[in-house]
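With compact mmCIF, C-alpha atoms inside, this is data_22.txt:
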# COMPACT_ATOMS: atom_id res chain seq x y z
CA MET K 1 -25.87 15.12 38.26
CA LYS K 2 -24.05 13.45 41.14
CA LYS K 3 -20.41 14.53 41.34
CA ILE K 4 -17.96 11.70 40.72
CA ASN K 5 -15.65 10.90 43.62
CA TRP K 6 -12.52 10.05 41.63
CA LYS K 7 -10.60 8.88 44.69
CA GLN K 8 -13.35 6.42 45.61
CA LEU K 9 -13.67 5.30 42.00
CA ALA K 10 -9.93 4.62 41.80
CA TYR K 11 -10.11 2.61 45.02
CA ASP K 12 -13.10 0.61 43.74
CA LEU K 13 -11.32 -0.16 40.47
CA PHE K 14 -8.19 -1.25 42.35
CA ILE K 15 -10.26 -3.64 44.51
CA ASP K 16 -12.10 -5.02 41.47
CA ILE K 17 -8.85 -5.58 39.55
CA ALA K 18 -7.03 -7.22 42.46
CA ALA K 19 -10.04 -9.41 43.27
CA GLY K 20 -10.59 -10.21 39.60
CA VAL K 21 -7.02 -11.47 39.21
CA LEU K 22 -7.41 -13.71 42.28
CA ILE K 23 -10.73 -15.13 41.07
CA GLY K 24 -9.42 -15.55 37.53
CA VAL K 25 -6.34 -17.44 38.72
CA GLY K 26 -8.44 -19.64 40.99
CA VAL K 27 -10.89 -20.53 38.24
CA TYR K 28 -8.65 -20.69 35.16
CA ASN K 29 -5.22 -21.73 36.46
CA PHE K 30 -6.42 -24.26 39.02
CA ALA K 31 -10.07 -25.33 38.60
CA ALA K 32 -10.31 -25.44 34.79
CA ASN K 33 -7.10 -27.39 34.26
CA SER K 34 -8.03 -29.88 37.01
CA GLU K 35 -11.53 -30.20 35.51
CA PHE K 36 -13.37 -29.33 38.70
CA PRO K 37 -17.09 -28.51 38.64
CA LEU K 38 -17.64 -25.21 40.44
CA ALA K 39 -20.66 -23.50 41.95
CA GLY K 40 -22.28 -20.34 40.62
CA VAL K 41 -22.32 -18.91 37.13
CA SER K 42 -18.57 -19.56 36.90
CA GLY K 43 -19.35 -23.24 37.31
CA ILE K 44 -21.84 -23.17 34.43
CA ALA K 45 -19.36 -21.17 32.33
CA LEU K 46 -16.75 -23.86 33.04
CA ILE K 47 -19.12 -26.50 31.66
CA PHE K 48 -19.48 -24.56 28.38
CA TYR K 49 -15.71 -23.98 28.34
CA ARG K 50 -15.05 -27.72 28.48
CA LEU K 51 -17.86 -28.62 26.05
CA ALA K 52 -17.55 -25.87 23.45
CA GLY K 53 -14.35 -23.97 24.24
CA ILE K 54 -16.20 -20.74 25.10
CA PRO K 55 -13.87 -18.56 27.23
CA ILE K 56 -14.87 -18.66 30.89
CA GLY K 57 -15.16 -14.89 31.31
CA MET K 58 -17.17 -14.47 28.11
CA GLY K 59 -19.41 -17.34 29.14
CA SER K 60 -20.02 -15.70 32.52
CA ILE K 61 -21.04 -12.44 30.83
CA LEU K 62 -23.40 -14.20 28.39
CA LEU K 63 -24.99 -16.27 31.17
CA ASN K 64 -25.45 -13.16 33.28
CA ILE K 65 -27.42 -11.25 30.64
CA PRO K 66 -30.78 -12.97 31.35
CA ILE K 67 -30.04 -12.94 35.09
CA VAL K 68 -29.35 -9.21 35.03
CA LEU K 69 -32.47 -8.47 32.97
CA GLY K 70 -34.62 -10.52 35.31
CA CYS K 71 -33.23 -9.26 38.62
CA PHE K 72 -32.31 -5.59 38.22
CA LYS K 73 -35.68 -4.36 39.53
CA THR K 74 -35.20 -6.12 42.88
CA LEU K 75 -31.77 -4.60 43.55
CA GLY K 76 -30.66 -1.11 44.47
CA LYS K 77 -29.30 0.96 41.58
CA GLU K 78 -25.89 1.63 43.15
CA PHE K 79 -25.30 -1.99 44.14
CA PHE K 80 -26.47 -3.12 40.70
CA VAL K 81 -24.06 -0.82 38.85
CA ARG K 82 -21.13 -1.73 41.10
CA SER K 83 -21.85 -5.44 40.60
CA ILE K 84 -21.95 -5.13 36.80
CA ARG K 85 -18.60 -3.33 36.89
CA SER K 86 -17.08 -6.06 39.10
CA LEU K 87 -18.50 -8.76 36.80
CA LEU K 88 -17.04 -7.20 33.63
CA ILE K 89 -13.61 -6.61 35.16
CA THR K 90 -13.43 -10.11 36.65
CA SER K 91 -14.53 -11.72 33.38
CA VAL K 92 -11.99 -9.81 31.26
CA LEU K 93 -9.17 -10.59 33.69
CA THR K 94 -10.13 -14.28 33.75
CA ASP K 95 -9.89 -14.52 29.95
CA TYR K 96 -6.91 -12.26 29.26
CA VAL K 97 -4.76 -11.96 32.41
CA ALA K 98 -5.08 -15.34 34.16
CA PRO K 99 -3.73 -17.21 31.07
CA LEU K 100 -0.51 -15.22 31.45
CA PHE K 101 0.23 -17.07 34.70
CA PRO K 102 1.44 -20.70 34.82
CA VAL K 103 -1.31 -23.31 34.87
CA TYR K 104 -1.08 -25.74 37.78
CA SER K 105 -1.13 -29.41 36.76
CA GLY K 106 -0.08 -31.13 39.97
CA ASP K 107 -2.02 -32.82 42.76
CA ARG K 108 -5.78 -32.30 42.46
CA MET K 109 -6.29 -31.80 46.18
CA LEU K 110 -3.73 -28.98 46.21
CA ALA K 111 -5.46 -27.53 43.15
CA ALA K 112 -8.81 -27.66 44.97
CA ILE K 113 -7.34 -25.93 48.02
CA CYS K 114 -5.78 -23.19 45.89
CA THR K 115 -9.02 -22.73 43.96
CA GLY K 116 -10.97 -22.21 47.19
CA ILE K 117 -8.38 -19.87 48.74
CA PHE K 118 -7.68 -17.68 45.71
CA SER K 119 -11.34 -17.41 44.70
CA GLY K 120 -12.45 -16.92 48.30
CA LEU K 121 -10.01 -14.05 48.80
CA GLY K 122 -11.19 -12.40 45.60
CA TYR K 123 -14.90 -12.70 46.36
CA ALA K 124 -14.37 -11.49 49.94
CA MET K 125 -12.64 -8.34 48.66
CA ILE K 126 -15.56 -7.64 46.32
CA PHE K 127 -18.23 -8.32 48.94
CA MET K 128 -16.48 -6.14 51.52
CA ASN K 129 -16.49 -3.31 48.96
CA ASN K 130 -20.31 -3.47 48.74
CA SER K 131 -20.38 -5.21 45.38
CA SER K 132 -20.74 -8.66 43.84
CA THR K 133 -20.10 -10.47 40.57
CA ALA K 134 -23.83 -10.72 39.75
CA GLY K 135 -24.74 -14.28 38.77
CA MET K 136 -26.12 -16.43 41.56
CA ASP K 137 -25.78 -13.53 44.01
CA PHE K 138 -28.52 -11.76 42.05
CA VAL K 139 -30.60 -14.93 41.74
CA SER K 140 -30.32 -15.68 45.48
CA MET K 141 -31.39 -12.16 46.46
CA ALA K 142 -34.24 -12.20 43.93
CA ILE K 143 -35.54 -15.52 45.30
CA ARG K 144 -35.18 -14.19 48.84
CA THR K 145 -37.27 -11.15 47.88
CA LYS K 146 -40.02 -13.34 46.45
CA ARG K 147 -39.81 -16.00 49.18
CA PRO K 148 -38.74 -14.16 52.34
CA HIS K 149 -39.54 -17.19 54.54
CA ILE K 150 -36.61 -19.10 52.97
CA SER K 151 -33.21 -18.29 54.46
CA LEU K 152 -30.54 -16.92 52.13
CA GLY K 153 -28.11 -19.58 53.30
CA LYS K 154 -30.44 -22.38 52.20
CA ILE K 155 -30.99 -20.75 48.82
CA VAL K 156 -27.27 -20.38 48.17
CA PHE K 157 -26.55 -23.93 49.36
CA VAL K 158 -29.18 -25.49 47.07
CA LEU K 159 -28.09 -23.48 44.01
CA ASP K 160 -24.40 -24.27 44.56
CA PHE K 161 -25.05 -27.96 45.21
CA VAL K 162 -27.19 -28.35 42.07
CA ILE K 163 -24.62 -26.66 39.81
CA VAL K 164 -21.68 -28.67 41.17
CA LEU K 165 -23.69 -31.88 40.86
CA LEU K 166 -24.69 -30.94 37.31
CA GLY K 167 -21.05 -30.56 36.31
CA GLY K 168 -20.20 -33.91 37.84
CA VAL K 169 -23.06 -35.67 36.08
CA ILE K 170 -22.29 -34.17 32.66
CA PHE K 171 -18.64 -35.24 32.76
CA ARG K 172 -19.24 -38.40 34.82
CA ASP K 173 -16.44 -37.67 37.25
CA VAL K 174 -17.32 -38.59 40.83
CA ASP K 175 -13.93 -37.53 42.20
CA ALA K 176 -14.22 -34.11 40.55
CA THR K 177 -17.70 -33.68 42.05
CA ILE K 178 -16.33 -34.36 45.53
CA TYR K 179 -13.51 -31.88 44.92
CA GLY K 180 -16.09 -29.37 43.71
CA LEU K 181 -18.04 -29.68 46.95
CA ILE K 182 -14.81 -29.29 48.95
CA ILE K 183 -14.00 -26.15 46.98
CA THR K 184 -17.47 -24.74 47.63
CA TYR K 185 -17.09 -25.29 51.36
CA LEU K 186 -13.54 -23.93 51.45
CA LEU K 187 -14.46 -20.86 49.39
CA THR K 188 -17.35 -20.04 51.74
CA TYR K 189 -15.11 -20.60 54.76
CA VAL K 190 -12.42 -18.26 53.41
CA ILE K 191 -14.98 -15.55 52.63
CA ASP K 192 -16.43 -15.76 56.15
CA LYS K 193 -12.98 -15.67 57.76
CA ILE K 194 -11.82 -12.70 55.71
CA MET K 195 -15.04 -10.73 56.23
CA TYR K 196 -15.66 -11.61 59.88
CA GLY K 197 -12.99 -13.94 61.25
CA ILE K 198 -10.33 -11.28 61.75
CA ASP K 199 -12.49 -9.69 64.41
CA ALA K 200 -14.06 -12.91 65.63
CA GLY K 201 -14.01 -13.92 69.26
CA LYS K 202 -16.29 -15.08 72.05
CA MET K 203 -19.32 -13.65 73.75
CA THR K 204 -20.23 -14.85 77.24
CA PHE K 205 -23.24 -14.42 79.49
CA ILE K 206 -22.50 -15.22 83.14
CA ILE K 207 -25.55 -15.68 85.35
CA THR K 208 -24.50 -15.08 88.93
CA GLU K 209 -25.57 -13.71 92.29
CA ASN K 210 -22.44 -11.60 92.58
CA GLY K 211 -22.10 -9.65 89.36
CA ARG K 212 -19.81 -7.02 90.84
CA ALA K 213 -17.21 -9.59 91.89
CA VAL K 214 -17.32 -11.24 88.45
CA VAL K 215 -16.83 -7.91 86.68
CA ASP K 216 -13.90 -7.07 88.97
CA VAL K 217 -12.22 -10.41 88.19
CA ILE K 218 -12.63 -9.88 84.44
CA ASP K 219 -11.18 -6.38 84.69
CA ARG K 220 -8.29 -7.51 86.88
CA TYR K 221 -7.11 -10.48 84.84
CA ILE K 222 -7.79 -9.53 81.22
CA GLU K 223 -8.53 -5.78 81.49
CA ARG K 224 -11.75 -6.15 79.57
CA GLY K 225 -14.95 -4.26 80.29
CA ALA K 226 -18.27 -5.98 80.92
CA THR K 227 -21.93 -5.08 81.28
CA ILE K 228 -24.18 -6.11 84.19
CA LEU K 229 -27.77 -6.90 83.26
CA HIS K 230 -30.57 -7.71 85.67
CA GLY K 231 -32.54 -10.92 85.25
CA HIS K 232 -35.16 -13.01 87.01
CA GLY K 233 -35.01 -16.81 87.18
CA SER K 234 -38.20 -18.37 85.81
CA TYR K 235 -37.76 -21.59 87.80
CA THR K 236 -36.35 -20.33 91.11
CA GLY K 237 -38.11 -16.97 91.06
CA GLN K 238 -34.90 -15.35 92.30
CA ASP K 239 -33.30 -12.18 90.97
CA LYS K 240 -30.00 -12.74 89.20
CA GLU K 241 -27.29 -10.61 87.64
CA ILE K 242 -26.13 -11.35 84.10
CA VAL K 243 -22.63 -10.27 83.16
CA MET K 244 -22.12 -9.85 79.41
CA CYS K 245 -18.56 -9.71 78.10
CA ALA K 246 -16.93 -9.89 74.65
CA CYS K 247 -13.32 -11.03 74.34
CA ASN K 248 -10.97 -13.06 72.17
CA ASN K 249 -10.64 -16.84 72.28
CA LYS K 250 -7.62 -16.94 74.61
CA GLN K 251 -9.17 -14.53 77.12
CA MET K 252 -12.32 -16.67 77.35
CA TYR K 253 -10.35 -19.54 78.88
CA ILE K 254 -9.04 -17.23 81.61
CA ILE K 255 -12.51 -15.82 82.27
CA LYS K 256 -14.04 -19.27 82.74
CA LYS K 257 -11.28 -20.30 85.13
CA MET K 258 -11.34 -17.13 87.25
CA ILE K 259 -15.14 -16.92 87.52
CA LYS K 260 -15.37 -20.36 89.08
CA GLU K 261 -13.07 -19.14 91.85
CA VAL K 262 -15.44 -16.23 92.57
CA ASP K 263 -18.77 -18.02 92.16
CA LYS K 264 -18.78 -21.80 91.81
CA LYS K 265 -22.52 -21.75 91.12
CA ALA K 266 -22.23 -19.28 88.24
CA PHE K 267 -23.95 -20.38 85.02
CA ILE K 268 -21.74 -19.53 82.04
CA VAL K 269 -22.92 -19.38 78.41
CA VAL K 270 -20.19 -19.01 75.76
CA MET K 271 -21.04 -18.18 72.15
CA GLU K 272 -19.14 -17.46 68.96
CA SER K 273 -18.96 -13.79 68.05
CA ASN K 274 -18.36 -13.13 64.34
CA GLU K 275 -17.46 -9.48 64.80
CA VAL K 276 -17.08 -7.02 67.67
CA VAL K 277 -17.06 -3.29 66.94
CA GLY K 278 -16.40 -0.63 69.56
CA GLU K 279 -13.90 0.59 72.11
CA GLY K 280 -11.19 -1.96 72.74
CA PHE K 281 -12.06 -3.82 69.57
CA LYS K 282 -12.40 -2.92 65.91
CA ALA K 283 -13.18 0.74 65.18
CA GLU K 284 -16.20 1.28 62.92

Could you write out this structure as structure tokens?
Amino acid sequence: MKKINWKQLAYDLFIDIAAGVLIGVGVYNFAANSEFPLAGVSGIALIFYRLAGIPIGMGSILLNIPIVLGCFKTLGKEFFVRSIRSLLITSVLTDYVAPLFPVYSGDRMLAAICTGIFSGLGYAMIFMNNSSTAGMDFVSMAIRTKRPHISLGKIVFVLDFVIVLLGGVIFRDVDATIYGLIITYLLTYVIDKIMYGIDAGKMTFIITENGRAVVDVIDRYIERGATILHGHGSYTGQDKEIVMCACNNKQMYIIKKMIKEVDKKAFIVVMESNEVVGEGFKAE
């Protein structure tokens, strides 16, 4: 039998509990009271909560039973077990801990913002700990396994949109549906920023005839390393040097300005970089 790492288990439980409280507060204290339709299994559980009074956490567990039975073969055992644990903890905290906090009954836009931020923080913590809360995460991955030509982003978007729209149609609340879509966008944005945005920056490719001078300028003004690649122009047939450099957003402005002083004909491509790992950046 595999030896249990108690330290790791304690850390995992701490993350699940902290994330579960955030998700529970977002769903129960803000979304439920403001009658927002949400995406995912939580959104369907909210529908049953409003229609039949079934607790949100309990509803999430019941709705996940057929999903779990249908998807467990397509998922790794460790990820599956961790996800079930996160689901149970989050559901229990939503039903028994979140009600202990005050329920917000103010402006609906503020409630929508808080729903997206609190829930987004919670989900990001769970995802970064190599887990999930089952539900539509399992369904999305199962569909992706069966239909690999469909991007995961499209699958998630369609599922979320349909569930939010379903909640709006059932309760005939157009404003709530719009708020639900705003929450879905905000939640996704928060998750991306927490998981990748902290280490986000810019990536640039500078096509020039004087790569050495460009590299020297970058090193002199922002003390950032760069890599010189060798390229060949398809139209001109001339050999070129391509300088690749990763930096933060503020440094990119300086790079663009200084390079033009070295080579006015330089061709500069700037791209978003979600995460940079390595020396001078985030350590792996």

So that I can see what lies close to region 30-33 of chain K, please list as a short mmCIF file (atom, residue, chain, number, x, y, z; two decimals) with C-alpha atoms, in the coordinates of the input the residues with an atom at most 8 Å from it, counting only C-alpha atoms and leaving out residues fewer than 4 positions away in the same chain.
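Listing of result-v5.cif after writing:
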data_model
loop_
_atom_site.label_atom_id
_atom_site.label_comp_id
_atom_site.auth_asym_id
_atom_site.auth_seq_id
_atom_site.Cartn_x
_atom_site.Cartn_y
_atom_site.Cartn_z
CA VAL K 25 -6.34 -17.44 38.72
CA GLY K 26 -8.44 -19.64 40.99
CA PRO K 37 -17.09 -28.51 38.64
CA LEU K 38 -17.64 -25.21 40.44
CA LEU K 46 -16.75 -23.86 33.04
CA VAL K 103 -1.31 -23.31 34.87
CA TYR K 104 -1.08 -25.74 37.78
CA SER K 105 -1.13 -29.41 36.76
CA ALA K 111 -5.46 -27.53 43.15
CA ALA K 112 -8.81 -27.66 44.97
CA CYS K 114 -5.78 -23.19 45.89
CA THR K 115 -9.02 -22.73 43.96
#

- Query: In terms of the shortest atom-to-atom distance over only C-alpha atoms, which of K:Ile4, K:Ile113, K:Leu13, K:Val214 is closest to Arg85 (chain K)?
  - Reply: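 Selected residue with least distance to Arg85 (chain K): K:Leu13.
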
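Between Gly20 (chain K) and the candidates K:Ser140, K:Gln251, K:Thr236, K:Ser91, the tightest atom-to-atom separation, counting all atoms listed in the file, involves K:Ser91.
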
- Message: I'd like to know which of K:Ala176, K:Val27, K:Cys245, K:Leu159 is closest to Pro99 (chain K), using all atoms listed in the file.
- Response: K:Val27

- Task: Figure out the distance between CA of Tyr96 (chain K) and CA of Arg82 (chain K), please, to one decimal in Å.
- Result: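 Going from CA of Arg82 (chain K) over to CA of Tyr96 (chain K) covers 21.3 Å.
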
List the spatial neighbours of Thr133 (chain K) as an mmCIF file with C-alpha atoms, in the frame of the given file - criterion: any atom at most 12 Å away, only C-alpha atoms, same-chain residues fewer than 5 positions off excluded.
data_model
loop_
_atom_site.group_PDB
_atom_site.id
_atom_site.type_symbol
_atom_site.label_atom_id
_atom_site.label_comp_id
_atom_site.auth_asym_id
_atom_site.auth_seq_id
_atom_site.Cartn_x
_atom_site.Cartn_y
_atom_site.Cartn_z
ATOM 1 C CA ASP K 16 -12.100 -5.020 41.470
ATOM 2 C CA ALA K 19 -10.040 -9.410 43.270
ATOM 3 C CA GLY K 20 -10.590 -10.210 39.600
ATOM 4 C CA ILE K 23 -10.730 -15.130 41.070
ATOM 5 C CA GLY K 40 -22.280 -20.340 40.620
ATOM 6 C CA VAL K 41 -22.320 -18.910 37.130
ATOM 7 C CA SER K 42 -18.570 -19.560 36.900
ATOM 8 C CA GLY K 57 -15.160 -14.890 31.310
ATOM 9 C CA SER K 60 -20.020 -15.700 32.520
ATOM 10 C CA ILE K 61 -21.040 -12.440 30.830
ATOM 11 C CA ASN K 64 -25.450 -13.160 33.280
ATOM 12 C CA ILE K 67 -30.040 -12.940 35.090
ATOM 13 C CA VAL K 68 -29.350 -9.210 35.030
ATOM 14 C CA PHE K 79 -25.300 -1.990 44.140
ATOM 15 C CA PHE K 80 -26.470 -3.120 40.700
ATOM 16 C CA VAL K 81 -24.060 -0.820 38.850
ATOM 17 C CA ARG K 82 -21.130 -1.730 41.100
ATOM 18 C CA SER K 83 -21.850 -5.440 40.600
ATOM 19 C CA ILE K 84 -21.950 -5.130 36.800
ATOM 20 C CA ARG K 85 -18.600 -3.330 36.890
ATOM 21 C CA SER K 86 -17.080 -6.060 39.100
ATOM 22 C CA LEU K 87 -18.500 -8.760 36.800
ATOM 23 C CA LEU K 88 -17.040 -7.200 33.630
ATOM 24 C CA ILE K 89 -13.610 -6.610 35.160
ATOM 25 C CA THR K 90 -13.430 -10.110 36.650
ATOM 26 C CA SER K 91 -14.530 -11.720 33.380
ATOM 27 C CA SER K 119 -11.340 -17.410 44.700
ATOM 28 C CA GLY K 122 -11.190 -12.400 45.600
ATOM 29 C CA TYR K 123 -14.900 -12.700 46.360
ATOM 30 C CA ALA K 124 -14.370 -11.490 49.940
ATOM 31 C CA MET K 125 -12.640 -8.340 48.660
ATOM 32 C CA ILE K 126 -15.560 -7.640 46.320
ATOM 33 C CA PHE K 127 -18.230 -8.320 48.940
ATOM 34 C CA PHE K 138 -28.520 -11.760 42.050
ATOM 35 C CA VAL K 139 -30.600 -14.930 41.740
#

- Message: Just want the 12 Å neighbourhood of Tyr253 (chain K), counted on only C-alpha atoms, with same-chain residues fewer than 5 positions away dropped. Output as a ChimeraX atom specification.
- Response: /K:201-204,218,221-222,247-248,258-260,268,270

- Taking all atoms listed in the file into account, which of K:Asn29, K:Thr184, K:Thr208, K:Ser132 comes nearest Val243 (chain K)?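 Of K:Asn29, K:Thr184, K:Thr208, K:Ser132, the one nearest Val243 (chain K) is K:Thr208, counting all atoms listed in the file.
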